[in-house]
Each structure stands twice: as structure tokens, then as C-alpha cells.
$ cat model_5.tsv   # TSV, C-alpha atoms
chain	number	residue	atom	x	y	z
L	1	MET	CA	57.25	33.63	0.02
L	2	ALA	CA	59.48	35.86	-2.05
L	3	ILE	CA	62.56	34.96	-4.08
L	4	GLU	CA	64.67	37.13	-1.75
L	5	GLU	CA	64.17	34.50	0.95
L	6	LEU	CA	66.01	31.98	-1.23
L	7	MET	CA	69.00	34.25	-1.87
L	8	THR	CA	70.77	33.60	1.43
L	9	GLY	CA	71.90	30.58	3.40
L	10	GLY	CA	72.88	28.38	0.46
L	11	THR	CA	75.91	26.14	0.08
L	12	ILE	CA	78.49	26.90	-2.62
L	13	LEU	CA	78.72	24.04	-5.12
L	14	PRO	CA	81.44	23.25	-7.68
L	15	ILE	CA	80.66	24.52	-11.18
L	16	THR	CA	80.46	21.85	-13.89
L	17	ARG	CA	82.66	22.47	-16.95
L	18	TRP	CA	81.93	22.16	-20.65
L	19	GLY	CA	82.61	18.64	-21.88
L	20	THR	CA	80.77	17.03	-18.96
L	21	PRO	CA	77.81	15.12	-20.47
L	22	VAL	CA	75.13	16.95	-18.40
L	23	MET	CA	76.23	20.23	-20.03
L	24	HIS	CA	75.35	18.97	-23.50
L	25	GLU	CA	72.04	17.17	-22.91
L	26	GLN	CA	68.40	18.26	-22.76
L	27	THR	CA	67.24	18.68	-19.16
L	28	LYS	CA	64.20	17.12	-17.49
L	29	PRO	CA	61.26	19.35	-16.46
L	30	VAL	CA	60.85	20.39	-12.84
L	31	THR	CA	57.73	18.62	-11.52
L	32	ASP	CA	58.21	18.79	-7.72
L	33	PHE	CA	58.06	22.32	-6.37
L	34	ASP	CA	59.19	21.25	-2.93
L	35	ASP	CA	61.70	22.15	-0.22
L	36	ASP	CA	64.42	20.19	-2.01
L	37	LEU	CA	63.96	22.39	-5.08
L	38	ARG	CA	64.11	25.54	-2.99
L	39	THR	CA	67.27	24.30	-1.24
L	40	LEU	CA	68.82	23.80	-4.67
L	41	VAL	CA	67.81	27.37	-5.64
L	42	ARG	CA	69.54	28.69	-2.48
L	43	ASP	CA	72.67	26.71	-3.32
L	44	MET	CA	72.62	27.97	-6.91
L	45	PHE	CA	72.36	31.61	-5.78
L	46	ALA	CA	75.28	31.06	-3.37
L	47	THR	CA	77.34	29.43	-6.13
L	48	MET	CA	76.54	32.11	-8.72
L	49	ARG	CA	77.48	34.89	-6.32
L	50	ALA	CA	80.72	33.18	-5.27
L	51	ALA	CA	81.65	32.90	-8.96
L	52	HIS	CA	80.60	36.54	-9.67
L	53	GLY	CA	78.13	35.42	-12.32
L	54	VAL	CA	74.81	36.95	-13.39
L	55	GLY	CA	73.05	33.63	-14.17
L	56	LEU	CA	73.48	29.95	-13.41
L	57	ALA	CA	71.70	26.89	-14.80
L	58	ALA	CA	71.16	23.65	-12.90
L	59	THR	CA	73.34	21.84	-15.46
L	60	GLN	CA	76.21	24.05	-14.26
L	61	VAL	CA	76.00	22.39	-10.83
L	62	GLY	CA	75.75	18.96	-12.44
L	63	LEU	CA	71.98	18.48	-12.45
L	64	GLY	CA	69.93	17.76	-15.58
L	65	LEU	CA	66.98	19.80	-14.32
L	66	SER	CA	65.19	22.61	-16.16
L	67	LEU	CA	65.99	25.45	-13.75
L	68	PHE	CA	68.14	28.57	-13.72
L	69	VAL	CA	68.70	31.49	-11.36
L	70	TYR	CA	69.75	35.02	-12.23
L	71	GLU	CA	70.79	38.26	-10.59
L	72	CYS	CA	71.42	40.44	-13.57
L	73	PRO	CA	71.16	44.07	-14.68
L	74	ASP	CA	68.61	44.96	-17.36
L	75	GLY	CA	68.97	47.60	-20.04
L	76	ASP	CA	68.43	50.36	-17.43
L	77	GLU	CA	71.09	48.83	-15.14
L	78	ARG	CA	68.43	47.76	-12.62
L	79	ILE	CA	69.31	44.43	-11.01
L	80	GLN	CA	66.62	41.83	-11.71
L	81	VAL	CA	66.47	38.65	-9.64
L	82	GLY	CA	64.68	35.35	-10.09
L	83	ALA	CA	64.63	31.58	-10.39
L	84	ILE	CA	62.79	30.07	-13.33
L	85	CYS	CA	61.79	26.45	-13.78
L	86	ASN	CA	60.87	24.98	-17.18
L	87	PRO	CA	61.69	28.21	-19.05
L	88	VAL	CA	60.68	28.89	-22.63
L	89	VAL	CA	62.32	31.90	-24.25
L	90	THR	CA	60.97	33.78	-27.25
L	91	THR	CA	62.71	36.61	-29.10
L	92	PRO	CA	61.41	39.12	-31.65
L	93	THR	CA	61.27	38.19	-35.33
L	94	GLY	CA	61.28	40.12	-38.57
L	95	LYS	CA	61.53	43.90	-38.39
L	96	ASP	CA	61.17	43.86	-34.60
L	97	ARG	CA	64.38	41.85	-34.23
L	98	THR	CA	67.57	43.78	-33.37
L	99	LEU	CA	70.79	41.93	-32.69
L	100	ASP	CA	73.25	43.00	-30.01
L	101	LYS	CA	76.79	41.73	-30.59
L	102	THR	CA	78.42	41.83	-27.17
L	103	GLU	CA	81.11	39.76	-25.51
L	104	GLU	CA	79.75	36.70	-23.77
L	105	GLY	CA	81.36	34.30	-21.31
L	106	CYS	CA	80.34	31.24	-19.32
L	107	LEU	CA	81.14	30.20	-15.75
L	108	SER	CA	81.48	26.63	-17.06
L	109	PHE	CA	84.28	27.70	-19.45
L	110	PRO	CA	86.08	30.26	-17.30
L	111	GLY	CA	88.48	32.80	-18.75
L	112	GLY	CA	87.06	32.95	-22.28
L	113	TYR	CA	84.95	35.75	-23.78
L	114	GLN	CA	83.86	36.20	-27.39
L	115	PRO	CA	81.34	38.49	-29.09
L	116	LEU	CA	78.06	36.76	-29.92
L	117	ALA	CA	75.09	38.41	-31.66
L	118	ARG	CA	71.81	37.74	-29.85
L	119	PRO	CA	68.41	39.48	-29.98
L	120	ASP	CA	68.44	42.51	-27.65
L	121	THR	CA	65.14	41.62	-26.00
L	122	ALA	CA	63.79	38.28	-24.81
L	123	THR	CA	60.66	37.03	-23.06
L	124	CYS	CA	60.97	34.06	-20.71
L	125	VAL	CA	57.92	32.14	-19.45
L	126	GLY	CA	58.11	29.45	-16.78
L	127	GLN	CA	57.39	28.75	-13.11
L	128	ASP	CA	58.92	30.09	-9.93
L	129	PRO	CA	60.25	27.76	-7.17
L	130	TRP	CA	56.70	27.50	-5.74
L	131	GLY	CA	55.15	26.47	-9.06
L	132	ASN	CA	53.57	29.85	-9.87
L	133	GLU	CA	53.58	30.98	-13.50
L	134	VAL	CA	56.08	33.76	-14.20
L	135	THR	CA	56.94	35.87	-17.22
L	136	VAL	CA	60.15	37.88	-17.42
L	137	VAL	CA	60.78	40.37	-20.21
L	138	GLY	CA	64.45	41.27	-20.47
L	139	ASP	CA	66.53	43.81	-22.34
L	140	GLY	CA	70.22	44.67	-22.09
L	141	LEU	CA	72.35	42.05	-20.35
L	142	LEU	CA	69.23	40.42	-18.92
L	143	ALA	CA	68.02	39.54	-22.44
L	144	ARG	CA	71.35	37.82	-23.12
L	145	CYS	CA	71.24	36.06	-19.73
L	146	LEU	CA	67.73	34.65	-20.29
L	147	GLN	CA	68.80	33.27	-23.67
L	148	HIS	CA	72.17	31.93	-22.43
L	149	GLU	CA	70.71	30.13	-19.40
L	150	THR	CA	67.77	28.64	-21.34
L	151	ASP	CA	70.28	27.41	-23.92
L	152	HIS	CA	72.07	25.53	-21.12
L	153	LEU	CA	68.85	23.73	-20.25
L	154	ASN	CA	68.56	22.63	-23.88
L	155	GLY	CA	72.11	21.25	-23.86
L	156	ILE	CA	73.56	24.23	-25.77
L	157	VAL	CA	76.65	26.13	-24.60
L	158	PHE	CA	77.34	29.51	-26.13
L	159	GLY	CA	80.44	28.14	-27.84
L	160	ASP	CA	78.06	26.09	-29.99
L	161	ARG	CA	76.77	29.37	-31.43
L	162	LEU	CA	80.20	30.77	-32.36
L	163	SER	CA	81.99	30.55	-35.69
L	164	SER	CA	84.88	28.07	-35.70
L	165	ARG	CA	87.34	30.99	-35.69
L	166	SER	CA	85.73	32.63	-32.66
L	167	TYR	CA	85.53	29.26	-30.91
L	168	ARG	CA	89.27	28.72	-31.40
L	169	LYS	CA	89.95	32.14	-29.85
L	170	LEU	CA	87.65	31.25	-26.94
L	171	GLU	CA	89.54	27.99	-26.38
L	172	GLU	CA	92.88	29.84	-26.40
L	173	GLN	CA	91.67	32.37	-23.83
L	174	HIS	CA	90.30	29.59	-21.62
L	175	ALA	CA	93.55	27.59	-21.91
L	176	ASP	CA	95.58	30.63	-20.82
L	177	LEU	CA	93.53	31.22	-17.66
L	178	VAL	CA	92.00	27.89	-16.62
L	179	HIS	CA	94.91	27.21	-14.22
L	180	LEU	CA	93.53	30.02	-12.04
L	181	TYR	CA	90.28	28.09	-11.49
L	182	PRO	CA	90.55	25.07	-9.13
L	183	ASP	CA	88.61	21.94	-10.15
L	184	ASP	CA	86.01	22.64	-7.45
L	185	TRP	CA	85.78	26.40	-8.15
L	186	PRO	CA	84.10	28.44	-6.68
L	187	VAL	CA	84.12	26.21	-3.55
L	188	THR	CA	87.85	26.91	-3.62
L	189	PRO	CA	88.24	30.53	-4.78
L	190	LYS	CA	89.93	31.51	-8.02
L	191	LYS	CA	93.66	32.04	-7.62
L	192	THR	CA	95.00	35.52	-8.04
L	193	THR	CA	97.74	35.71	-10.65
L	194	GLY	CA	100.33	36.28	-7.90
L	195	ASP	CA	99.69	32.86	-6.34
L	196	ASP	CA	101.68	30.90	-8.89
L	197	GLU	CA	104.67	33.19	-9.37
$ encode --input "model_5.tsv" --output "C-alpha cells"
Amino acid sequence: MAIEELMTGGTILPITRWGTPVMHEQTKPVTDFDDDLRTLVRDMFATMRAAHGVGLAATQVGLGLSLFVYECPDGDERIQVGAICNPVVTTPTGKDRTLDKTEEGCLSFPGGYQPLARPDTATCVGQDPWGNEVTVVGDGLLARCLQHETDHLNGIVFGDRLSSRSYRKLEEQHADLVHLYPDDWPVTPKKTTGDDE
């Protein structure tokens, strides 16, 4: 089977917010590559698309499982798609390491965006939803996505990587816009700004 077969037919789930314990804890490895796992992958794709995201970790739907999905452009603007279980990300070191300081946001902290320097390439090794070994090499936004989603599975949110000043700005942006995101978003769609006038 191909990953494309898991990209339709899922159920949209509520996105878990920062501050919920599962968002800040190490996840458990995926050990059962079964139909339940593949149903979860379908639901995560449906949820990510409904929220207009490019990546989504299992912690973001309330599950402490080492899994994320992505549908994200690479450095050449080609959309790359996948679901990775038990990911391990490596980034270049020394003279091969180039940082890209670009705005980053998180579906679990909607409305806030702050620049965060991350390596501009990343290699992610793990298993697909059938238990096959996979390796994904990402550049551009995909490199950032692989690092961001793997962080989630290690209990790290990108706010943890910001300076205290940038984190305060992020909190202010989130506070200004969070009223547009219902508690069960994206099950209930984001409000447009005209809804509450």
C-alpha cells in the first residue's frame, strides 16, 4: 500500500493545545503497525488538512505515541507527503551546518508566529505505517517541519526553543487571536474575524 491511500477518509480530531501534559512528555514508540495505527494516520491527515497545517504529531491529537504526518513543501516547493513512526532526526554539524531563521508557528498554539533559527537541512529516519524503514531528507520548509514534529514527540514545543523575549511576543500574538479558535478546533472551524463583531 501507498501513503496516498491513508490521506482520505479520516475523521477530523480536536487539536491538543500547549499546556496539556501530553504535549510536554516523551512519547512511547510505535510497536503495532496495525489497522488501528493506519486509522489514526488517516485521522491525523484529515485533522492537519482541516487546520491548514503542514505537519501534525500524535501528541497534537492527544496521544503519547511516536508518530507524525506531514504534507509539506521542500526547498524546491515540491509537496512531500508521509507518516513517520519512531522518527530520529539528525542535522548537519560544523561547517556543513547552515541556520535558517524563519517564522515558525504551531497548530497547538494557534495565532502565534516567531522567527526561530534551525538547520536548513534535516534527515529523518523511522518507519512507515506498515513498519517499513524510511529515510526522508528535507530542505526548505520540510527541514523545519521534520525537526518541529520530532521535537513534539520528545515533549518539546517550539516555544521552548525561543528566547524569553520572543516567547512573550508569541504569547501576546496567541492571546490576541485564540478567541477565533474554538476549543475543539478544527472539528469546529476557525471563526472569521467578522463572526464576533
$ closest_residue --input "model_5.tsv" --among "L:Ile79, L:Leu6, L:Ala46, L:Leu116" --to "Gly159 of chain L" --atoms "only C-alpha atoms"
L:Leu116
$ closest_residue --input "model_5.tsv" --among "L:Phe158, L:Tyr167, L:Tyr113, L:Phe68" --to "Asn86 of chain L" --atoms "only C-alpha atoms"
L:Phe68
$ axis_aligned_box --input "model_5.tsv" --around "segment 48-61 of chain L" --padding-each-side "4 Å" --output "JSON"
{"center_x": 76.4, "center_y": 29.4, "center_z": -10.4, "size_x": 18.5, "size_y": 23.1, "size_z": 18.2}
$ closest_residue --input "model_5.tsv" --among "L:Gly94, L:Gly112, L:Gly53, L:Pro189" --to "Arg168 of chain L" --atoms "all atoms listed in the file"
L:Gly112
$ atom_distance --input "model_5.tsv" --atom1 "atom CA of Val54 of chain L" --atom2 "atom CA of Val81 of chain L"
9.3 Å
$ residues_around --input "model_5.tsv" --residues "Thr150 of chain L" --least-positions-apart "3" --cutoff "8 Å" --atoms "all atoms listed in the file" --output "short mmCIF file (atom, residue, chain, number, x, y, z; two decimals) with C-alpha atoms, keeping the file's coordinate frame"
data_model
loop_
_atom_site.label_atom_id
_atom_site.label_comp_id
_atom_site.auth_asym_id
_atom_site.auth_seq_id
_atom_site.Cartn_x
_atom_site.Cartn_y
_atom_site.Cartn_z
CA ALA L 57 71.70 26.89 -14.80
CA PHE L 68 68.14 28.57 -13.72
CA PRO L 87 61.69 28.21 -19.05
CA VAL L 88 60.68 28.89 -22.63
CA VAL L 89 62.32 31.90 -24.25
CA LEU L 146 67.73 34.65 -20.29
CA GLN L 147 68.80 33.27 -23.67
CA LEU L 153 68.85 23.73 -20.25
CA ASN L 154 68.56 22.63 -23.88
#
$ atom_distance --input "model_5.tsv" --atom1 "atom CA of Val30 of chain L" --atom2 "atom CA of Leu65 of chain L"
6.3 Å
$ atom_distance --input "model_5.tsv" --atom1 "atom CA of Gly126 of chain L" --atom2 "atom CA of His148 of chain L"
15.4 Å
$ residues_near_point --input "model_5.tsv" --point "(67.0, 28.5, 2.2)" --cutoff "12 Å" --atoms "all atoms listed in the file" --output "list of chain:residue names"
L:Met1, L:Ala2, L:Ile3, L:Glu4, L:Glu5, L:Leu6, L:Met7, L:Thr8, L:Gly9, L:Gly10, L:Thr11, L:Asp34, L:Asp35, L:Asp36, L:Leu37, L:Arg38, L:Thr39, L:Leu40, L:Val41, L:Arg42, L:Asp43, L:Met44, L:Phe45, L:Ala46, L:Pro129
$ residues_around --input "model_5.tsv" --residues "Gln173 of chain L" --least-positions-apart "3" --cutoff "12 Å" --atoms "all atoms listed in the file" --output "number ranges by chain"
L: 105, 109-114, 166-170, 176-179
$ write_last_selection --input "model_5.tsv" --atoms "C-alpha atoms" --output "mmCIF file, in the coordinates of the input"
data_model
loop_
_atom_site.group_PDB
_atom_site.id
_atom_site.type_symbol
_atom_site.label_atom_id
_atom_site.label_comp_id
_atom_site.auth_asym_id
_atom_site.auth_seq_id
_atom_site.Cartn_x
_atom_site.Cartn_y
_atom_site.Cartn_z
ATOM 1 C CA GLY L 105 81.360 34.300 -21.310
ATOM 2 C CA PHE L 109 84.280 27.700 -19.450
ATOM 3 C CA PRO L 110 86.080 30.260 -17.300
ATOM 4 C CA GLY L 111 88.480 32.800 -18.750
ATOM 5 C CA GLY L 112 87.060 32.950 -22.280
ATOM 6 C CA TYR L 113 84.950 35.750 -23.780
ATOM 7 C CA GLN L 114 83.860 36.200 -27.390
ATOM 8 C CA SER L 166 85.730 32.630 -32.660
ATOM 9 C CA TYR L 167 85.530 29.260 -30.910
ATOM 10 C CA ARG L 168 89.270 28.720 -31.400
ATOM 11 C CA LYS L 169 89.950 32.140 -29.850
ATOM 12 C CA LEU L 170 87.650 31.250 -26.940
ATOM 13 C CA ASP L 176 95.580 30.630 -20.820
ATOM 14 C CA LEU L 177 93.530 31.220 -17.660
ATOM 15 C CA VAL L 178 92.000 27.890 -16.620
ATOM 16 C CA HIS L 179 94.910 27.210 -14.220
#
$ residues_around --input "model_5.tsv" --residues "Thr16 of chain L" --least-positions-apart "3" --cutoff "10 Å" --atoms "only C-alpha atoms" --output "JSON, numbers by chain"
{"L": [13, 19, 20, 21, 22, 23, 58, 59, 60, 61, 62, 63, 107, 108, 109, 183, 184, 185]}
$ closest_residue --input "model_5.tsv" --among "L:Ala122, L:Tyr70, L:Cys85, L:Leu99" --to "Val134 of chain L" --atoms "only C-alpha atoms"
L:Cys85
$ closest_residue --input "model_5.tsv" --among "L:Glu25, L:Asp32, L:Asp96, L:Glu103" --to "Leu141 of chain L" --atoms "only C-alpha atoms"
L:Glu103
$ residues_around --input "model_5.tsv" --residues "Arg78 of chain L" --least-positions-apart "2" --cutoff "12 Å" --atoms "all atoms listed in the file" --output "PDB file with C-alpha atoms, keeping the file's coordinate frame"
ATOM      1  CA  GLU L  71      70.790  38.260 -10.590  1.00  0.00           C
ATOM      2  CA  CYS L  72      71.420  40.440 -13.570  1.00  0.00           C
ATOM      3  CA  PRO L  73      71.160  44.070 -14.680  1.00  0.00           C
ATOM      4  CA  ASP L  74      68.610  44.960 -17.360  1.00  0.00           C
ATOM      5  CA  GLY L  75      68.970  47.600 -20.040  1.00  0.00           C
ATOM      6  CA  ASP L  76      68.430  50.360 -17.430  1.00  0.00           C
ATOM      7  CA  GLN L  80      66.620  41.830 -11.710  1.00  0.00           C
ATOM      8  CA  VAL L  81      66.470  38.650  -9.640  1.00  0.00           C
ATOM      9  CA  GLY L 138      64.450  41.270 -20.470  1.00  0.00           C
ATOM     10  CA  ASP L 139      66.530  43.810 -22.340  1.00  0.00           C
ATOM     11  CA  GLY L 140      70.220  44.670 -22.090  1.00  0.00           C
ATOM     12  CA  LEU L 141      72.350  42.050 -20.350  1.00  0.00           C
ATOM     13  CA  LEU L 142      69.230  40.420 -18.920  1.00  0.00           C
TER      14      LEU L 142
END
$ build_atoms --input "model_5.tsv" --residues "segment 103-123 of chain L" --atoms "N, CA and C atoms" --output "compact mmCIF listing (two decimals), keeping the file's coordinate frame"
# COMPACT_ATOMS: atom_id res chain seq x y z
N GLU L 103 80.32 40.87 -26.02
CA GLU L 103 81.11 39.76 -25.51
C GLU L 103 80.29 38.92 -24.53
N GLU L 104 80.45 37.63 -24.65
CA GLU L 104 79.75 36.70 -23.77
C GLU L 104 80.76 35.73 -23.19
N GLY L 105 80.52 35.30 -21.96
CA GLY L 105 81.36 34.30 -21.31
C GLY L 105 80.48 33.29 -20.61
N CYS L 106 81.10 32.28 -20.00
CA CYS L 106 80.34 31.24 -19.32
C CYS L 106 81.14 30.76 -18.11
N LEU L 107 80.47 30.68 -16.96
CA LEU L 107 81.14 30.20 -15.75
C LEU L 107 81.65 28.77 -15.92
N SER L 108 81.06 28.02 -16.83
CA SER L 108 81.48 26.63 -17.06
C SER L 108 82.64 26.52 -18.06
N PHE L 109 83.11 27.66 -18.56
CA PHE L 109 84.28 27.70 -19.45
C PHE L 109 85.07 28.95 -19.08
N PRO L 110 85.58 28.99 -17.85
CA PRO L 110 86.08 30.26 -17.30
C PRO L 110 87.29 30.79 -18.06
N GLY L 111 87.34 32.12 -18.15
CA GLY L 111 88.48 32.80 -18.75
C GLY L 111 88.28 33.22 -20.18
N GLY L 112 87.27 32.66 -20.86
CA GLY L 112 87.06 32.95 -22.28
C GLY L 112 85.87 33.86 -22.52
N TYR L 113 86.04 34.84 -23.40
CA TYR L 113 84.95 35.75 -23.78
C TYR L 113 85.04 36.01 -25.27
N GLN L 114 83.91 35.89 -25.97
CA GLN L 114 83.86 36.20 -27.39
C GLN L 114 82.55 36.91 -27.71
N PRO L 115 82.58 37.83 -28.68
CA PRO L 115 81.34 38.49 -29.09
C PRO L 115 80.37 37.48 -29.71
N LEU L 116 79.11 37.61 -29.36
CA LEU L 116 78.06 36.76 -29.92
C LEU L 116 76.81 37.62 -30.12
N ALA L 117 76.30 37.63 -31.35
CA ALA L 117 75.09 38.41 -31.66
C ALA L 117 73.86 37.64 -31.17
N ARG L 118 73.08 38.30 -30.32
CA ARG L 118 71.81 37.74 -29.85
C ARG L 118 70.75 38.84 -29.92
N PRO L 119 69.47 38.47 -30.03
CA PRO L 119 68.41 39.48 -29.98
C PRO L 119 68.51 40.30 -28.69
N ASP L 120 68.23 41.61 -28.80
CA ASP L 120 68.44 42.51 -27.65
C ASP L 120 67.28 42.54 -26.68
N THR L 121 66.22 41.80 -26.98
CA THR L 121 65.14 41.62 -26.00
C THR L 121 64.72 40.15 -26.04
N ALA L 122 64.23 39.67 -24.90
CA ALA L 122 63.79 38.28 -24.81
C ALA L 122 62.69 38.18 -23.76
N THR L 123 61.74 37.29 -24.02
CA THR L 123 60.66 37.03 -23.06
C THR L 123 60.79 35.58 -22.60
